[in-house]
Amino acid sequence: MSGSLRSFDYLEGLPQTVFRRLYQQPCTTLAIFRRMLPHLAKSFVMAMLYHEGPMSISILNNWVNPESVREKEEAFGKLRKLHIIFEKDGHLSLDRTFRDSFRMALTGGGNHRSFGVPCTTPDKRKVDIAFLDDYATRQWEAILHYMVGTRNDVQPGSGVIQLLLKSGLMEKAPNGQAEITQQGFSFLLQDANAQLWTLLLQYLDMAEELRMDPVEVLHFLMMLGSLELGQDYSKETLTPTQRHMLEDLREYGIVYSRKSSSQRFYPTRLATSLTSEVGTLRSVAAGFNKVLQNASSSEGFVVIETNYRLYAYTDSPLQIAVLSLFTRLNSRYPNMVSGRISRQSVRAAIKTGITADQIIDYLTAHAHPQLRKNTPILPPTVVDQIRLWQIEGERMKPTPGYLLKDFATTAEYEATVKYAEELGVLVWKSDAKRSFFVTRYEQVGDFIKRRTAASKKQAT
């Protein structure tokens, strides 16, 4: 799965009781299936969905090539962490609540209203998709402009500003003004969907403070991701929590409602892409041409030469502010700015939390059409030098992970090390000390538990 799906990693740490409540809504099961599961895990779910009774693990193992052990264990690990499957006596079964709701999501039926209720009466002032895109752009652009301190006709609401402060993207300066933080600088270089989920997850953390049920908040976000762009939906079937959320989400451009008392709302493209695949999200970001692009199409505007000179054909204050994070700008014209990427400017950006890869990705994503004719797009000397400037300050590279030791027998240690190596999570090992270091523990821990249970069963 794509790295942009990291926003959903939050769900993996939730307890089983929360998942049971989440899986009561068909839209939630569909969103998790579409966005969180690897392709192999999806195949396992579909195989068990209409299979009566538990399914033998050996049958599922036979579906996978012997050399794809890593992908298979990743699929099983993900399904276990999301409490979609449970294991007993060498057989796997789908969680009953998930199974029933997912069947309903695929085949329809029921009166759950999980996918919203379209309005049955025509809207006298119906809006089109172009209007919704423009509205979402203006609202989202207002947040980004506020963060970089540039002028904009639309100002974010107090709720948005409070969320930016709570999330650590901005902080109060001694003069009382809100200023962007190191975390905020990195936030600006993310794609629009990743930015949106960063704020929504913080909103979720504040749910109890706002006297809202976090599970109901998640339900509503999943529902918004399943709605149809351009369709108006009724507010009458929404709970008080969901109605309160609508008012908050209007400020982000996620939904449009003419006024608070209106009994209908429209999801914008920001809403309908919440649970979409990464390709769709990238096109959404390109569609909002004023958020991270100034051109009238998805064409880029940045030209960079082998001598590190940079030319940006834009007059957008937001774009210029983002470029100034890692470029020393020295000239500005009505429709262009020019500057130079230097060791000092890149090192200053790195100190604020921006990485060399983020800078390179940004320049690549916004490269001028003339640059895109080249292969590779950016001059290799520039790319290599940006990475070298980052390495200069990295004498040691920390690797977060887990140290496993104190194995009872050599056979137990060797089997576990081999398994970790097949998964691709092994970083270091010491056969003499019977210890090793891995970047991820969940699947390795499950393997150890299964071996221990099997050994006890044989002993009895």
# chains A, B, ... in the order shown; residues from 1 in each chain; ligands from 1

$ residues_around --residues "Phe407 of chain A" --least-positions-apart "4" --cutoff "7 Å" --atoms "only C-alpha atoms" --output "list in words"
Glu412, Tyr413 and Arg434 of chain A

$ residues_around --residues "segment 60-63 of chain A" --least-positions-apart "4" --cutoff "8 Å" --atoms "only C-alpha atoms" --output "compact mmCIF listing (two decimals) with C-alpha atoms, in the first residue's frame"
# COMPACT_ATOMS: atom_id res chain seq x y z
CA PHE A 44 -8.41 -13.62 1.71
CA MET A 55 -11.46 -21.88 6.62
CA SER A 56 -8.27 -23.88 7.04
CA LYS A 72 1.35 -13.45 3.03

$ select_by_dssp --residues "segment 39-241 of chain A" --states "strand (DSSP E or B)" --output "PyMOL selection string"
chain A and resi 55-56+85-88+91-94+118+170-172+178-180+233-234

$ residues_around --residues "segment 24-26 of chain A" --least-positions-apart "2" --cutoff "7 Å" --atoms "only C-alpha atoms" --output "list of chain:residue names"
A:Arg20, A:Arg21, A:Leu22, A:Thr28, A:Thr29, A:Leu30, A:Thr97, A:Ser101, A:Phe102, A:Met104, A:Ala105, A:Ser114

$ atom_distance --atom1 "atom CA of Ala312 of chain A" --atom2 "atom CA of Ser331 of chain A"
10.6 Å

$ residues_around --residues "Tyr402 of chain A" --least-positions-apart "2" --cutoff "12 Å" --atoms "only C-alpha atoms" --output "PDB file with all heavy atoms, in the first residue's frame"
ATOM      1  N   THR A 399      17.344   4.091  14.084  1.00  0.00           N
ATOM      2  CA  THR A 399      16.368   3.180  13.496  1.00  0.00           C
ATOM      3  C   THR A 399      15.441   2.690  14.595  1.00  0.00           C
ATOM      4  O   THR A 399      15.852   1.884  15.443  1.00  0.00           O
ATOM      5  CB  THR A 399      17.063   1.977  12.824  1.00  0.00           C
ATOM      6  OG1 THR A 399      17.970   2.434  11.823  1.00  0.00           O
ATOM      7  CG2 THR A 399      16.045   1.042  12.192  1.00  0.00           C
ATOM      8  N   PRO A 400      14.216   3.159  14.646  1.00  0.00           N
ATOM      9  CA  PRO A 400      13.293   2.694  15.690  1.00  0.00           C
ATOM     10  C   PRO A 400      12.921   1.237  15.463  1.00  0.00           C
ATOM     11  O   PRO A 400      12.790   0.784  14.319  1.00  0.00           O
ATOM     12  CB  PRO A 400      12.068   3.609  15.509  1.00  0.00           C
ATOM     13  CG  PRO A 400      12.144   4.075  14.090  1.00  0.00           C
ATOM     14  CD  PRO A 400      13.609   4.141  13.747  1.00  0.00           C
ATOM     15  N   LEU A 404      14.933  -8.291  20.426  1.00  0.00           N
ATOM     16  CA  LEU A 404      14.424  -9.560  20.951  1.00  0.00           C
ATOM     17  C   LEU A 404      15.610 -10.392  21.433  1.00  0.00           C
ATOM     18  O   LEU A 404      16.598 -10.548  20.703  1.00  0.00           O
ATOM     19  CB  LEU A 404      13.652 -10.322  19.871  1.00  0.00           C
ATOM     20  CG  LEU A 404      12.230  -9.824  19.583  1.00  0.00           C
ATOM     21  CD1 LEU A 404      12.263  -8.555  18.743  1.00  0.00           C
ATOM     22  CD2 LEU A 404      11.412 -10.888  18.857  1.00  0.00           C
ATOM     23  N   LYS A 405      15.507 -10.936  22.638  1.00  0.00           N
ATOM     24  CA  LYS A 405      16.618 -11.694  23.213  1.00  0.00           C
ATOM     25  C   LYS A 405      16.077 -12.734  24.198  1.00  0.00           C
ATOM     26  O   LYS A 405      14.862 -12.900  24.340  1.00  0.00           O
ATOM     27  CB  LYS A 405      17.593 -10.759  23.924  1.00  0.00           C
ATOM     28  CG  LYS A 405      16.963  -9.927  25.042  1.00  0.00           C
ATOM     29  CD  LYS A 405      17.976  -8.995  25.673  1.00  0.00           C
ATOM     30  CE  LYS A 405      17.349  -8.194  26.819  1.00  0.00           C
ATOM     31  NZ  LYS A 405      18.327  -7.317  27.485  1.00  0.00           N
ATOM     32  N   ALA A 420      11.912 -13.481  10.588  1.00  0.00           N
ATOM     33  CA  ALA A 420      12.061 -12.020  10.512  1.00  0.00           C
ATOM     34  C   ALA A 420      12.794 -11.613   9.243  1.00  0.00           C
ATOM     35  O   ALA A 420      12.477 -10.589   8.623  1.00  0.00           O
ATOM     36  CB  ALA A 420      12.801 -11.504  11.749  1.00  0.00           C
ATOM     37  N   VAL A 425      12.170  -7.473   7.968  1.00  0.00           N
ATOM     38  CA  VAL A 425      12.187  -6.535   9.092  1.00  0.00           C
ATOM     39  C   VAL A 425      13.449  -6.677   9.940  1.00  0.00           C
ATOM     40  O   VAL A 425      13.632  -5.932  10.909  1.00  0.00           O
ATOM     41  CB  VAL A 425      10.940  -6.722   9.985  1.00  0.00           C
ATOM     42  CG1 VAL A 425       9.673  -6.439   9.194  1.00  0.00           C
ATOM     43  CG2 VAL A 425      10.896  -8.131  10.585  1.00  0.00           C
ATOM     44  N   LEU A 426      14.332  -7.622   9.600  1.00  0.00           N
ATOM     45  CA  LEU A 426      15.549  -7.840  10.384  1.00  0.00           C
ATOM     46  C   LEU A 426      16.594  -6.780  10.068  1.00  0.00           C
ATOM     47  O   LEU A 426      16.916  -6.538   8.916  1.00  0.00           O
ATOM     48  CB  LEU A 426      16.108  -9.236  10.091  1.00  0.00           C
ATOM     49  CG  LEU A 426      17.373  -9.640  10.846  1.00  0.00           C
ATOM     50  CD1 LEU A 426      17.085  -9.772  12.337  1.00  0.00           C
ATOM     51  CD2 LEU A 426      17.945 -10.940  10.302  1.00  0.00           C
ATOM     52  N   VAL A 427      17.119  -6.123  11.115  1.00  0.00           N
ATOM     53  CA  VAL A 427      18.146  -5.088  10.952  1.00  0.00           C
ATOM     54  C   VAL A 427      19.510  -5.599  11.413  1.00  0.00           C
ATOM     55  O   VAL A 427      20.528  -5.352  10.775  1.00  0.00           O
ATOM     56  CB  VAL A 427      17.766  -3.819  11.754  1.00  0.00           C
ATOM     57  CG1 VAL A 427      18.872  -2.760  11.652  1.00  0.00           C
ATOM     58  CG2 VAL A 427      16.443  -3.251  11.257  1.00  0.00           C
ATOM     59  N   TRP A 428      19.540  -6.311  12.528  1.00  0.00           N
ATOM     60  CA  TRP A 428      20.814  -6.767  13.120  1.00  0.00           C
ATOM     61  C   TRP A 428      20.549  -8.034  13.910  1.00  0.00           C
ATOM     62  O   TRP A 428      19.460  -8.248  14.436  1.00  0.00           O
ATOM     63  CB  TRP A 428      21.352  -5.676  14.045  1.00  0.00           C
ATOM     64  CG  TRP A 428      22.501  -6.107  14.915  1.00  0.00           C
ATOM     65  CD1 TRP A 428      23.830  -6.078  14.610  1.00  0.00           C
ATOM     66  CD2 TRP A 428      22.415  -6.641  16.245  1.00  0.00           C
ATOM     67  NE1 TRP A 428      24.572  -6.556  15.658  1.00  0.00           N
ATOM     68  CE2 TRP A 428      23.725  -6.907  16.680  1.00  0.00           C
ATOM     69  CE3 TRP A 428      21.356  -6.927  17.097  1.00  0.00           C
ATOM     70  CZ2 TRP A 428      24.003  -7.429  17.931  1.00  0.00           C
ATOM     71  CZ3 TRP A 428      21.623  -7.458  18.354  1.00  0.00           C
ATOM     72  CH2 TRP A 428      22.943  -7.701  18.756  1.00  0.00           C
ATOM     73  N   LYS A 429      21.585  -8.925  13.965  1.00  0.00           N
ATOM     74  CA  LYS A 429      21.449 -10.133  14.777  1.00  0.00           C
ATOM     75  C   LYS A 429      22.802 -10.526  15.351  1.00  0.00           C
ATOM     76  O   LYS A 429      23.859 -10.183  14.818  1.00  0.00           O
ATOM     77  CB  LYS A 429      20.890 -11.284  13.945  1.00  0.00           C
ATOM     78  CG  LYS A 429      21.817 -11.778  12.848  1.00  0.00           C
ATOM     79  CD  LYS A 429      21.238 -13.000  12.142  1.00  0.00           C
ATOM     80  CE  LYS A 429      22.200 -13.500  11.055  1.00  0.00           C
ATOM     81  NZ  LYS A 429      21.689 -14.726  10.401  1.00  0.00           N
ATOM     82  N   SER A 435      20.232 -12.881  20.078  1.00  0.00           N
ATOM     83  CA  SER A 435      19.408 -11.666  20.079  1.00  0.00           C
ATOM     84  C   SER A 435      19.432 -11.034  18.696  1.00  0.00           C
ATOM     85  O   SER A 435      20.391 -11.217  17.938  1.00  0.00           O
ATOM     86  CB  SER A 435      19.909 -10.672  21.129  1.00  0.00           C
ATOM     87  OG  SER A 435      21.238 -10.275  20.844  1.00  0.00           O
ATOM     88  N   PHE A 436      18.388 -10.305  18.366  1.00  0.00           N
ATOM     89  CA  PHE A 436      18.324  -9.613  17.077  1.00  0.00           C
ATOM     90  C   PHE A 436      17.390  -8.411  17.184  1.00  0.00           C
ATOM     91  O   PHE A 436      16.607  -8.286  18.138  1.00  0.00           O
ATOM     92  CB  PHE A 436      17.888 -10.564  15.951  1.00  0.00           C
ATOM     93  CG  PHE A 436      16.527 -11.176  16.135  1.00  0.00           C
ATOM     94  CD1 PHE A 436      15.401 -10.595  15.561  1.00  0.00           C
ATOM     95  CD2 PHE A 436      16.375 -12.358  16.857  1.00  0.00           C
ATOM     96  CE1 PHE A 436      14.151 -11.164  15.719  1.00  0.00           C
ATOM     97  CE2 PHE A 436      15.116 -12.933  17.014  1.00  0.00           C
ATOM     98  CZ  PHE A 436      13.999 -12.323  16.444  1.00  0.00           C
ATOM     99  N   PHE A 437      17.481  -7.544  16.186  1.00  0.00           N
ATOM    100  CA  PHE A 437      16.746  -6.276  16.199  1.00  0.00           C
ATOM    101  C   PHE A 437      15.869  -6.205  14.953  1.00  0.00           C
ATOM    102  O   PHE A 437      16.332  -6.461  13.839  1.00  0.00           O
ATOM    103  CB  PHE A 437      17.736  -5.095  16.206  1.00  0.00           C
ATOM    104  CG  PHE A 437      17.080  -3.751  16.393  1.00  0.00           C
ATOM    105  CD1 PHE A 437      16.794  -3.284  17.662  1.00  0.00           C
ATOM    106  CD2 PHE A 437      16.755  -2.956  15.302  1.00  0.00           C
ATOM    107  CE1 PHE A 437      16.194  -2.042  17.844  1.00  0.00           C
ATOM    108  CE2 PHE A 437      16.163  -1.725  15.472  1.00  0.00           C
ATOM    109  CZ  PHE A 437      15.879  -1.264  16.750  1.00  0.00           C
ATOM    110  N   VAL A 438      14.584  -5.863  15.135  1.00  0.00           N
ATOM    111  CA  VAL A 438      13.638  -5.780  14.014  1.00  0.00           C
ATOM    112  C   VAL A 438      12.951  -4.416  14.020  1.00  0.00           C
ATOM    113  O   VAL A 438      12.835  -3.766  15.065  1.00  0.00           O
ATOM    114  CB  VAL A 438      12.578  -6.896  14.089  1.00  0.00           C
ATOM    115  CG1 VAL A 438      13.197  -8.261  13.889  1.00  0.00           C
ATOM    116  CG2 VAL A 438      11.807  -6.843  15.410  1.00  0.00           C
ATOM    117  N   THR A 439      12.498  -4.008  12.848  1.00  0.00           N
ATOM    118  CA  THR A 439      11.807  -2.720  12.733  1.00  0.00           C
ATOM    119  C   THR A 439      10.322  -2.831  13.072  1.00  0.00           C
ATOM    120  O   THR A 439       9.689  -1.843  13.426  1.00  0.00           O
ATOM    121  CB  THR A 439      11.941  -2.161  11.303  1.00  0.00           C
ATOM    122  OG1 THR A 439      11.502  -3.157  10.367  1.00  0.00           O
ATOM    123  CG2 THR A 439      13.385  -1.792  11.014  1.00  0.00           C
ATOM    124  N   ARG A 440       9.768  -4.045  12.945  1.00  0.00           N
ATOM    125  CA  ARG A 440       8.360  -4.260  13.288  1.00  0.00           C
ATOM    126  C   ARG A 440       8.229  -5.528  14.111  1.00  0.00           C
ATOM    127  O   ARG A 440       8.875  -6.535  13.821  1.00  0.00           O
ATOM    128  CB  ARG A 440       7.497  -4.360  12.020  1.00  0.00           C
ATOM    129  CG  ARG A 440       7.414  -3.073  11.231  1.00  0.00           C
ATOM    130  CD  ARG A 440       6.551  -3.234   9.982  1.00  0.00           C
ATOM    131  NE  ARG A 440       5.193  -3.589  10.328  1.00  0.00           N
ATOM    132  CZ  ARG A 440       4.249  -3.830   9.427  1.00  0.00           C
ATOM    133  NH1 ARG A 440       4.542  -3.786   8.136  1.00  0.00           N
ATOM    134  NH2 ARG A 440       3.026  -4.138   9.802  1.00  0.00           N
ATOM    135  N   TYR A 441       7.370  -5.474  15.131  1.00  0.00           N
ATOM    136  CA  TYR A 441       7.287  -6.604  16.051  1.00  0.00           C
ATOM    137  C   TYR A 441       6.005  -7.433  15.908  1.00  0.00           C
ATOM    138  O   TYR A 441       6.004  -8.633  16.219  1.00  0.00           O
ATOM    139  CB  TYR A 441       7.381  -6.100  17.503  1.00  0.00           C
ATOM    140  CG  TYR A 441       7.162  -7.186  18.525  1.00  0.00           C
ATOM    141  CD1 TYR A 441       8.143  -8.146  18.763  1.00  0.00           C
ATOM    142  CD2 TYR A 441       5.961  -7.269  19.228  1.00  0.00           C
ATOM    143  CE1 TYR A 441       7.939  -9.156  19.688  1.00  0.00           C
ATOM    144  CE2 TYR A 441       5.746  -8.280  20.160  1.00  0.00           C
ATOM    145  CZ  TYR A 441       6.736  -9.223  20.384  1.00  0.00           C
ATOM    146  OH  TYR A 441       6.540 -10.227  21.297  1.00  0.00           O
ATOM    147  N   GLU A 442       4.920  -6.826  15.427  1.00  0.00           N
ATOM    148  CA  GLU A 442       3.616  -7.480  15.493  1.00  0.00           C
ATOM    149  C   GLU A 442       3.627  -8.877  14.884  1.00  0.00           C
ATOM    150  O   GLU A 442       3.225  -9.860  15.535  1.00  0.00           O
ATOM    151  CB  GLU A 442       2.554  -6.618  14.793  1.00  0.00           C
ATOM    152  CG  GLU A 442       2.258  -5.310  15.493  1.00  0.00           C
ATOM    153  CD  GLU A 442       3.234  -4.222  15.123  1.00  0.00           C
ATOM    154  OE1 GLU A 442       4.152  -4.515  14.332  1.00  0.00           O
ATOM    155  OE2 GLU A 442       3.097  -3.097  15.633  1.00  0.00           O
ATOM    156  N   VAL A 444       6.227 -10.749  13.982  1.00  0.00           N
ATOM    157  CA  VAL A 444       7.210 -11.612  14.642  1.00  0.00           C
ATOM    158  C   VAL A 444       6.654 -12.108  15.972  1.00  0.00           C
ATOM    159  O   VAL A 444       6.811 -13.285  16.342  1.00  0.00           O
ATOM    160  CB  VAL A 444       8.542 -10.861  14.853  1.00  0.00           C
ATOM    161  CG1 VAL A 444       9.546 -11.751  15.582  1.00  0.00           C
ATOM    162  CG2 VAL A 444       9.126 -10.405  13.526  1.00  0.00           C
ATOM    163  N   GLY A 445       5.986 -11.218  16.715  1.00  0.00           N
ATOM    164  CA  GLY A 445       5.379 -11.610  17.988  1.00  0.00           C
ATOM    165  C   GLY A 445       4.315 -12.676  17.811  1.00  0.00           C
ATOM    166  O   GLY A 445       4.223 -13.623  18.603  1.00  0.00           O
TER     167      GLY A 445
END

$ select_by_dssp --residues "segment 99-249 of chain A" --states "helix (DSSP H, G or I)" --output "PyMOL selection string"
chain A and resi 99-107+129-148+158-166+182-188+192-205+214-225+240-249

$ closest_residue --among "A:Ala415, A:Asp406, A:Trp389, A:Phe115" --to "Ala432 of chain A" --atoms "only C-alpha atoms"
A:Asp406

$ residues_around --residues "Asn307 of chain A" --least-positions-apart "5" --cutoff "10 Å" --atoms "only C-alpha atoms" --output "ChimeraX atom specification"
/A:340-342,379,381-382

$ residues_around --residues "segment 138-148 of chain A" --least-positions-apart "6" --cutoff "9 Å" --atoms "only C-alpha atoms" --output "ChimeraX atom specification"
/A:154-156,160-161,164,169-170,178-180,184-185,188,192,250-254,290-292,317-318,321-322

$ closest_residue --among "A:Arg70, A:Lys351, A:Arg211, A:Arg125" --to "Phe326 of chain A" --atoms "only C-alpha atoms"
A:Lys351

$ residues_around --residues "Leu94 of chain A" --least-positions-apart "2" --cutoff "6 Å" --atoms "only C-alpha atoms" --output "MDAnalysis selection string"
chainID A and resid 84:85 96

$ write_last_selection --atoms "N, CA and C atoms" --output "compact mmCIF listing (two decimals), in the first residue's frame"
# COMPACT_ATOMS: atom_id res chain seq x y z
N ILE A 84 -10.25 -8.23 11.92
CA ILE A 84 -11.15 -8.71 10.87
C ILE A 84 -11.23 -10.23 10.90
N ILE A 85 -10.13 -10.89 11.28
CA ILE A 85 -10.13 -12.35 11.36
C ILE A 85 -9.70 -12.78 12.76
N ARG A 96 -17.78 -11.73 12.83
CA ARG A 96 -19.17 -11.82 12.37
C ARG A 96 -19.76 -10.44 12.07

$ closest_residue --among "A:Gln319, A:Ala75, A:Gln358, A:Asp133" --to "Arg269 of chain A" --atoms "only C-alpha atoms"
A:Asp133

$ atom_distance --atom1 "atom CA of Lys42 of chain A" --atom2 "atom CA of Leu423 of chain A"
19.2 Å
